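Here the structure comes first, spelled out in structure tokens, and everything after it is commentary.
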Amino acid sequence: MSFHKPEEVLCNGERFKVMIPEQELQKRIAEIGAQIDRDYEGKKPILIGVLNGAFIFLADLMRYITIPCEMDFYKLSSYGDAKVSSGLVQQRKDVDANLTGRHVILVEDIIDTGLSASYITNIVEQKKPASVEWVTLLKKSEALKYHLDIKYVCFEIPTLFVLGYGLDYAQEGRNLAQIYVIDDEEKQEK
Ligand code: 5GP
Ligand code: MG
Ligand code: MG
């Protein structure tokens, strides 16, 4: 048995190729899990994933963490179906857990401009947690417009549109077990 991980894939009529293979993803996520284990020893952090994109990353990351931990989700939408951000963030689901006094670890699939992450940071800080940190699978370093302190970054990537491993293109491609990038460089320009 193995997960869905073709070399190339057509998604909404566009061709994508592998950027980060499954093994590399898992190795790095395991390292970050071990780092969280060390940093939060004796505490019981709550991992909060940002839906939809972060659901697979959170599921894997959590299984590399061996200290007691909890989880919850926020749901945001900002991209619509386009490849560039609409610049608008809407909250569609709040967390159920009481975050006051908790060690919160916010979990994103990708931080691009940082708009979504700073929006959530503000909401969480109002709930008076003991601490707040971000862990993201991917970070587009050039695009970061908002001042954000991201403690755990699995991979820094160029400003290219990627999909797979929870990340979608017009809702397709989330079921791929690796990160893919568009094969035609001209199509990156939007
Ligand atoms: P930001 O608010 O940081 O600009 O964008 C964050 C959100 O935009 C991510 O959570 C993700 O949903 C979406 N996003 C940003 N870049 C990409 C990308 O390259 N591919 C996909 N599929 N989504 C992206
Ligand atoms: Mg996301
Ligand atoms: Mg999306």
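By convention here, the chains of the structure tokens are called A, B, ... in the order presented, each chain's residues are numbered starting at 1, and ligands are numbered starting at 1 in the order presented.
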Do a neighbour search on A:Asp96 at 12 Å with only C-alpha atoms, toss out local chain neighbours closer than 6 positions, and write the hits as a compact mmCIF listing (two decimals) with C-alpha atoms, in the first residue's frame.
# COMPACT_ATOMS: atom_id res chain seq x y z
CA ILE A 46 -2.71 22.60 21.68
CA ILE A 48 -4.55 24.45 15.96
CA GLU A 70 -4.39 18.40 21.93
CA MET A 71 -5.76 19.72 18.65
CA ASP A 72 -8.44 21.96 17.20
CA PHE A 73 -9.10 23.84 13.95
CA TYR A 74 -9.80 27.31 12.61
CA LYS A 75 -11.31 27.61 9.19
* To do: Could you find all residues in stretch 71-174 of chain A that DSSP calls strand (DSSP E) from the backbone, and write them as a ChimeraX atom specification?
  => /A:71-77,90-93,103-111,131-140,152-157,162-163
Can you pull out every residue within 12 Å of A:Glu31, counting only C-alpha atoms, but drop anything in the same chain fewer than 2 positions away, and send it as a compact mmCIF listing (two decimals) with C-alpha atoms, in the first residue's frame?
# COMPACT_ATOMS: atom_id res chain seq x y z
CA GLU A 24 11.79 14.51 2.16
CA LEU A 25 8.51 15.90 3.50
CA GLN A 26 8.18 13.19 6.12
CA LYS A 27 11.83 13.41 7.22
CA ARG A 28 11.57 17.15 7.80
CA ILE A 29 8.18 16.96 9.55
CA GLY A 33 7.95 17.13 15.65
CA ALA A 34 11.05 16.22 17.66
CA GLN A 35 11.88 19.90 18.12
CA ILE A 36 8.34 20.57 19.43
CA ASP A 37 8.77 17.61 21.82
CA ARG A 38 11.90 19.23 23.26
CA ASP A 60 1.28 13.83 10.21
CA LEU A 61 3.03 16.35 12.49
CA MET A 62 0.92 15.29 15.46
CA ARG A 63 1.98 11.66 15.01
CA TYR A 64 5.68 12.62 15.28
CA ILE A 65 5.00 14.41 18.60
CA LEU A 137 4.99 23.37 6.25
CA TYR A 152 9.00 26.43 12.92
CA VAL A 153 9.34 26.37 9.12
CA CYS A 154 9.68 23.01 7.40
CA PHE A 155 10.60 24.34 3.93
Can you work out which residues are within 9 Å of ligand 1, considering only C-alpha atoms and all ligand atoms, and then hand them over as a PDB file with N, CA and C atoms, in the first residue's frame?
ATOM      1  N   VAL A  50      -5.137  25.368  10.514  1.00  0.00           N
ATOM      2  CA  VAL A  50      -5.967  26.290   9.744  1.00  0.00           C
ATOM      3  C   VAL A  50      -6.514  25.519   8.537  1.00  0.00           C
ATOM      4  N   LEU A  51      -7.832  25.302   8.579  1.00  0.00           N
ATOM      5  CA  LEU A  51      -8.485  24.547   7.496  1.00  0.00           C
ATOM      6  C   LEU A  51      -8.651  25.409   6.254  1.00  0.00           C
ATOM      7  N   ASN A  52      -8.720  24.829   5.035  1.00  0.00           N
ATOM      8  CA  ASN A  52      -8.658  23.398   4.832  1.00  0.00           C
ATOM      9  C   ASN A  52      -7.220  22.875   4.688  1.00  0.00           C
ATOM     10  N   GLY A  53      -6.332  23.735   4.197  1.00  0.00           N
ATOM     11  CA  GLY A  53      -5.035  23.276   3.707  1.00  0.00           C
ATOM     12  C   GLY A  53      -4.176  22.510   4.694  1.00  0.00           C
ATOM     13  N   ALA A  54      -4.271  22.827   6.003  1.00  0.00           N
ATOM     14  CA  ALA A  54      -3.323  22.275   6.981  1.00  0.00           C
ATOM     15  C   ALA A  54      -3.706  20.896   7.524  1.00  0.00           C
ATOM     16  N   LEU A  76     -10.483  29.253   7.669  1.00  0.00           N
ATOM     17  CA  LEU A  76     -10.392  30.549   7.002  1.00  0.00           C
ATOM     18  C   LEU A  76     -10.560  30.334   5.514  1.00  0.00           C
ATOM     19  N   SER A  77     -10.921  31.374   4.815  1.00  0.00           N
ATOM     20  CA  SER A  77     -10.802  31.302   3.366  1.00  0.00           C
ATOM     21  C   SER A  77     -10.252  32.626   2.890  1.00  0.00           C
ATOM     22  N   SER A  78      -9.286  32.567   1.959  1.00  0.00           N
ATOM     23  CA  SER A  78      -8.762  33.817   1.416  1.00  0.00           C
ATOM     24  C   SER A  78      -8.506  33.720  -0.072  1.00  0.00           C
ATOM     25  N   TYR A  79      -8.267  32.520  -0.597  1.00  0.00           N
ATOM     26  CA  TYR A  79      -7.829  32.411  -1.986  1.00  0.00           C
ATOM     27  C   TYR A  79      -8.954  32.333  -3.005  1.00  0.00           C
ATOM     28  N   ALA A  82      -8.618  31.083  -7.225  1.00  0.00           N
ATOM     29  CA  ALA A  82      -7.535  31.617  -8.052  1.00  0.00           C
ATOM     30  C   ALA A  82      -6.166  31.213  -7.509  1.00  0.00           C
ATOM     31  N   LYS A  83      -5.116  31.477  -8.314  1.00  0.00           N
ATOM     32  CA  LYS A  83      -3.761  31.140  -7.886  1.00  0.00           C
ATOM     33  C   LYS A  83      -3.104  32.288  -7.129  1.00  0.00           C
ATOM     34  N   VAL A  84      -3.736  33.439  -7.093  1.00  0.00           N
ATOM     35  CA  VAL A  84      -3.196  34.544  -6.301  1.00  0.00           C
ATOM     36  C   VAL A  84      -4.198  34.933  -5.224  1.00  0.00           C
ATOM     37  N   SER A  85      -3.682  35.459  -4.113  1.00  0.00           N
ATOM     38  CA  SER A  85      -4.541  35.752  -2.975  1.00  0.00           C
ATOM     39  C   SER A  85      -5.515  36.879  -3.294  1.00  0.00           C
ATOM     40  N   SER A  86      -6.753  36.725  -2.809  1.00  0.00           N
ATOM     41  CA  SER A  86      -7.754  37.775  -2.999  1.00  0.00           C
ATOM     42  C   SER A  86      -7.467  38.957  -2.080  1.00  0.00           C
ATOM     43  N   GLY A  87      -6.599  38.732  -1.062  1.00  0.00           N
ATOM     44  CA  GLY A  87      -6.311  39.798  -0.107  1.00  0.00           C
ATOM     45  C   GLY A  87      -7.394  39.953   0.945  1.00  0.00           C
ATOM     46  N   LEU A  88      -8.425  39.136   0.862  1.00  0.00           N
ATOM     47  CA  LEU A  88      -9.510  39.195   1.839  1.00  0.00           C
ATOM     48  C   LEU A  88      -9.502  37.912   2.648  1.00  0.00           C
ATOM     49  N   VAL A  89      -9.622  38.034   3.965  1.00  0.00           N
ATOM     50  CA  VAL A  89      -9.665  36.848   4.807  1.00  0.00           C
ATOM     51  C   VAL A  89     -11.019  36.800   5.490  1.00  0.00           C
ATOM     52  N   GLU A 108      -0.074  25.948   9.885  1.00  0.00           N
ATOM     53  CA  GLU A 108      -0.456  26.339   8.514  1.00  0.00           C
ATOM     54  C   GLU A 108       0.191  25.419   7.489  1.00  0.00           C
ATOM     55  N   ASP A 109      -0.460  25.267   6.350  1.00  0.00           N
ATOM     56  CA  ASP A 109       0.148  24.554   5.226  1.00  0.00           C
ATOM     57  C   ASP A 109       1.197  25.441   4.571  1.00  0.00           C
ATOM     58  N   ILE A 110       0.841  26.715   4.340  1.00  0.00           N
ATOM     59  CA  ILE A 110       1.764  27.612   3.650  1.00  0.00           C
ATOM     60  C   ILE A 110       1.527  29.041   4.111  1.00  0.00           C
ATOM     61  N   ILE A 111       2.601  29.768   4.340  1.00  0.00           N
ATOM     62  CA  ILE A 111       2.484  31.191   4.649  1.00  0.00           C
ATOM     63  C   ILE A 111       3.079  31.945   3.467  1.00  0.00           C
ATOM     64  N   ASP A 112       2.209  32.723   2.821  1.00  0.00           N
ATOM     65  CA  ASP A 112       2.590  33.425   1.594  1.00  0.00           C
ATOM     66  C   ASP A 112       2.810  34.900   1.948  1.00  0.00           C
ATOM     67  N   THR A 113       1.776  35.733   1.866  1.00  0.00           N
ATOM     68  CA  THR A 113       1.931  37.128   2.274  1.00  0.00           C
ATOM     69  C   THR A 113       1.978  37.262   3.794  1.00  0.00           C
ATOM     70  N   GLY A 114       1.380  36.284   4.507  1.00  0.00           N
ATOM     71  CA  GLY A 114       1.293  36.352   5.961  1.00  0.00           C
ATOM     72  C   GLY A 114      -0.014  36.965   6.443  1.00  0.00           C
ATOM     73  N   LEU A 115      -0.884  37.343   5.506  1.00  0.00           N
ATOM     74  CA  LEU A 115      -2.160  37.973   5.876  1.00  0.00           C
ATOM     75  C   LEU A 115      -3.020  37.044   6.743  1.00  0.00           C
ATOM     76  N   SER A 116      -3.219  35.813   6.298  1.00  0.00           N
ATOM     77  CA  SER A 116      -4.071  34.883   7.060  1.00  0.00           C
ATOM     78  C   SER A 116      -3.486  34.642   8.444  1.00  0.00           C
ATOM     79  N   ALA A 117      -2.166  34.430   8.497  1.00  0.00           N
ATOM     80  CA  ALA A 117      -1.515  34.130   9.772  1.00  0.00           C
ATOM     81  C   ALA A 117      -1.606  35.310  10.740  1.00  0.00           C
ATOM     82  N   SER A 118      -1.451  36.538  10.251  1.00  0.00           N
ATOM     83  CA  SER A 118      -1.515  37.667  11.191  1.00  0.00           C
ATOM     84  C   SER A 118      -2.952  37.889  11.662  1.00  0.00           C
ATOM     85  N   TYR A 119      -3.914  37.613  10.801  1.00  0.00           N
ATOM     86  CA  TYR A 119      -5.340  37.698  11.172  1.00  0.00           C
ATOM     87  C   TYR A 119      -5.627  36.727  12.333  1.00  0.00           C
ATOM     88  N   LEU A 138       5.248  25.163   4.618  1.00  0.00           N
ATOM     89  CA  LEU A 138       5.949  25.911   3.575  1.00  0.00           C
ATOM     90  C   LEU A 138       5.920  27.394   3.884  1.00  0.00           C
ATOM     91  N   LYS A 139       6.982  28.085   3.486  1.00  0.00           N
ATOM     92  CA  LYS A 139       7.004  29.545   3.623  1.00  0.00           C
ATOM     93  C   LYS A 139       7.571  30.138   2.345  1.00  0.00           C
ATOM     94  N   LYS A 140       6.800  31.061   1.777  1.00  0.00           N
ATOM     95  CA  LYS A 140       7.285  31.791   0.593  1.00  0.00           C
ATOM     96  C   LYS A 140       7.968  33.036   1.109  1.00  0.00           C
ATOM     97  N   ALA A 143       7.524  36.690  -0.272  1.00  0.00           N
ATOM     98  CA  ALA A 143       6.191  37.291  -0.295  1.00  0.00           C
ATOM     99  C   ALA A 143       5.722  37.788   1.073  1.00  0.00           C
ATOM    100  N   LEU A 144       6.491  37.527   2.115  1.00  0.00           N
ATOM    101  CA  LEU A 144       6.023  37.842   3.461  1.00  0.00           C
ATOM    102  C   LEU A 144       5.910  39.354   3.700  1.00  0.00           C
ATOM    103  N   LYS A 145       4.680  39.858   3.617  1.00  0.00           N
ATOM    104  CA  LYS A 145       4.453  41.307   3.734  1.00  0.00           C
ATOM    105  C   LYS A 145       4.171  41.731   5.166  1.00  0.00           C
ATOM    106  N   TYR A 146       3.708  40.782   5.980  1.00  0.00           N
ATOM    107  CA  TYR A 146       3.309  41.123   7.343  1.00  0.00           C
ATOM    108  C   TYR A 146       4.408  40.711   8.303  1.00  0.00           C
ATOM    109  N   THR A 159       8.555  31.980  -4.702  1.00  0.00           N
ATOM    110  CA  THR A 159       7.178  32.449  -4.877  1.00  0.00           C
ATOM    111  C   THR A 159       6.562  31.816  -6.122  1.00  0.00           C
ATOM    112  N   LEU A 160       6.242  30.549  -6.027  1.00  0.00           N
ATOM    113  CA  LEU A 160       5.632  29.787  -7.120  1.00  0.00           C
ATOM    114  C   LEU A 160       4.373  29.127  -6.570  1.00  0.00           C
ATOM    115  N   PHE A 161       3.413  28.869  -7.443  1.00  0.00           N
ATOM    116  CA  PHE A 161       2.175  28.232  -6.993  1.00  0.00           C
ATOM    117  C   PHE A 161       2.386  26.733  -6.853  1.00  0.00           C
ATOM    118  N   VAL A 162       2.087  26.218  -5.667  1.00  0.00           N
ATOM    119  CA  VAL A 162       2.278  24.790  -5.398  1.00  0.00           C
ATOM    120  C   VAL A 162       0.970  24.128  -4.971  1.00  0.00           C
ATOM    121  N   LEU A 163       0.917  22.813  -5.085  1.00  0.00           N
ATOM    122  CA  LEU A 163      -0.255  22.098  -4.594  1.00  0.00           C
ATOM    123  C   LEU A 163       0.127  20.697  -4.126  1.00  0.00           C
ATOM    124  N   GLY A 164      -0.829  20.021  -3.505  1.00  0.00           N
ATOM    125  CA  GLY A 164      -0.620  18.674  -2.982  1.00  0.00           C
ATOM    126  C   GLY A 164      -0.474  18.705  -1.475  1.00  0.00           C
ATOM    127  N   GLY A 166      -2.548  18.429   0.946  1.00  0.00           N
ATOM    128  CA  GLY A 166      -3.516  19.316   1.602  1.00  0.00           C
ATOM    129  C   GLY A 166      -3.773  20.607   0.850  1.00  0.00           C
ATOM    130  N   LEU A 167      -2.785  21.052   0.049  1.00  0.00           N
ATOM    131  CA  LEU A 167      -2.955  22.313  -0.694  1.00  0.00           C
ATOM    132  C   LEU A 167      -3.683  22.049  -2.013  1.00  0.00           C
ATOM    133  N   ASP A 168      -4.620  22.937  -2.343  1.00  0.00           N
ATOM    134  CA  ASP A 168      -5.461  22.716  -3.515  1.00  0.00           C
ATOM    135  C   ASP A 168      -5.215  23.724  -4.620  1.00  0.00           C
ATOM    136  N   TYR A 169      -5.719  23.365  -5.803  1.00  0.00           N
ATOM    137  CA  TYR A 169      -5.885  24.323  -6.901  1.00  0.00           C
ATOM    138  C   TYR A 169      -7.356  24.211  -7.292  1.00  0.00           C
ATOM    139  N   ALA A 170      -8.142  25.223  -6.945  1.00  0.00           N
ATOM    140  CA  ALA A 170      -9.596  25.186  -7.158  1.00  0.00           C
ATOM    141  C   ALA A 170     -10.189  23.876  -6.610  1.00  0.00           C
ATOM    142  N   GLN A 171      -9.793  23.562  -5.387  1.00  0.00           N
ATOM    143  CA  GLN A 171     -10.270  22.405  -4.596  1.00  0.00           C
ATOM    144  C   GLN A 171      -9.711  21.052  -5.041  1.00  0.00           C
ATOM    145  N   GLY A 173      -6.431  18.384  -5.912  1.00  0.00           N
ATOM    146  CA  GLY A 173      -5.007  18.143  -5.651  1.00  0.00           C
ATOM    147  C   GLY A 173      -4.647  17.946  -4.193  1.00  0.00           C
ATOM    148  N   ARG A 174      -5.609  18.087  -3.289  1.00  0.00           N
ATOM    149  CA  ARG A 174      -5.282  17.952  -1.860  1.00  0.00           C
ATOM    150  C   ARG A 174      -4.846  16.531  -1.507  1.00  0.00           C
ATOM    151  N   VAL A 181       4.697  21.544  -8.174  1.00  0.00           N
ATOM    152  CA  VAL A 181       4.763  22.913  -8.667  1.00  0.00           C
ATOM    153  C   VAL A 181       4.390  22.897 -10.143  1.00  0.00           C
TER     154      VAL A 181
END
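When only C-alpha atoms and all ligand atoms are used to measure the gap to ligand 2, the shortest distance among A:Ile182, A:Leu58, A:Ile67, A:Ile105 belongs to A:Leu58.
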* **Option closest in space to ligand 2, from A:Phe55, A:Tyr180, A:Phe16, A:Phe3 [counting only C-alpha atoms and all ligand atoms]** =>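 Result for the nearest residue to ligand 2: A:Phe55.
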* Which of stretch 51-164 of chain A counts as alpha helix (DSSP H) under DSSP, as a list in words please? -> Phe55, Ile56, Phe57, Leu58, Ala59, Asp60, Leu61, Met62, Arg63, Tyr64, Leu115, Ser116, Ala117, Ser118, Tyr119, Ile120, Thr121, Asn122, Ile123, Val124 and Glu125 of chain A
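Nearest to ligand 2 of all the residues A:Gln90, A:Lys5, A:Thr136, A:Asn122 is A:Thr136, based on only C-alpha atoms and all ligand atoms.
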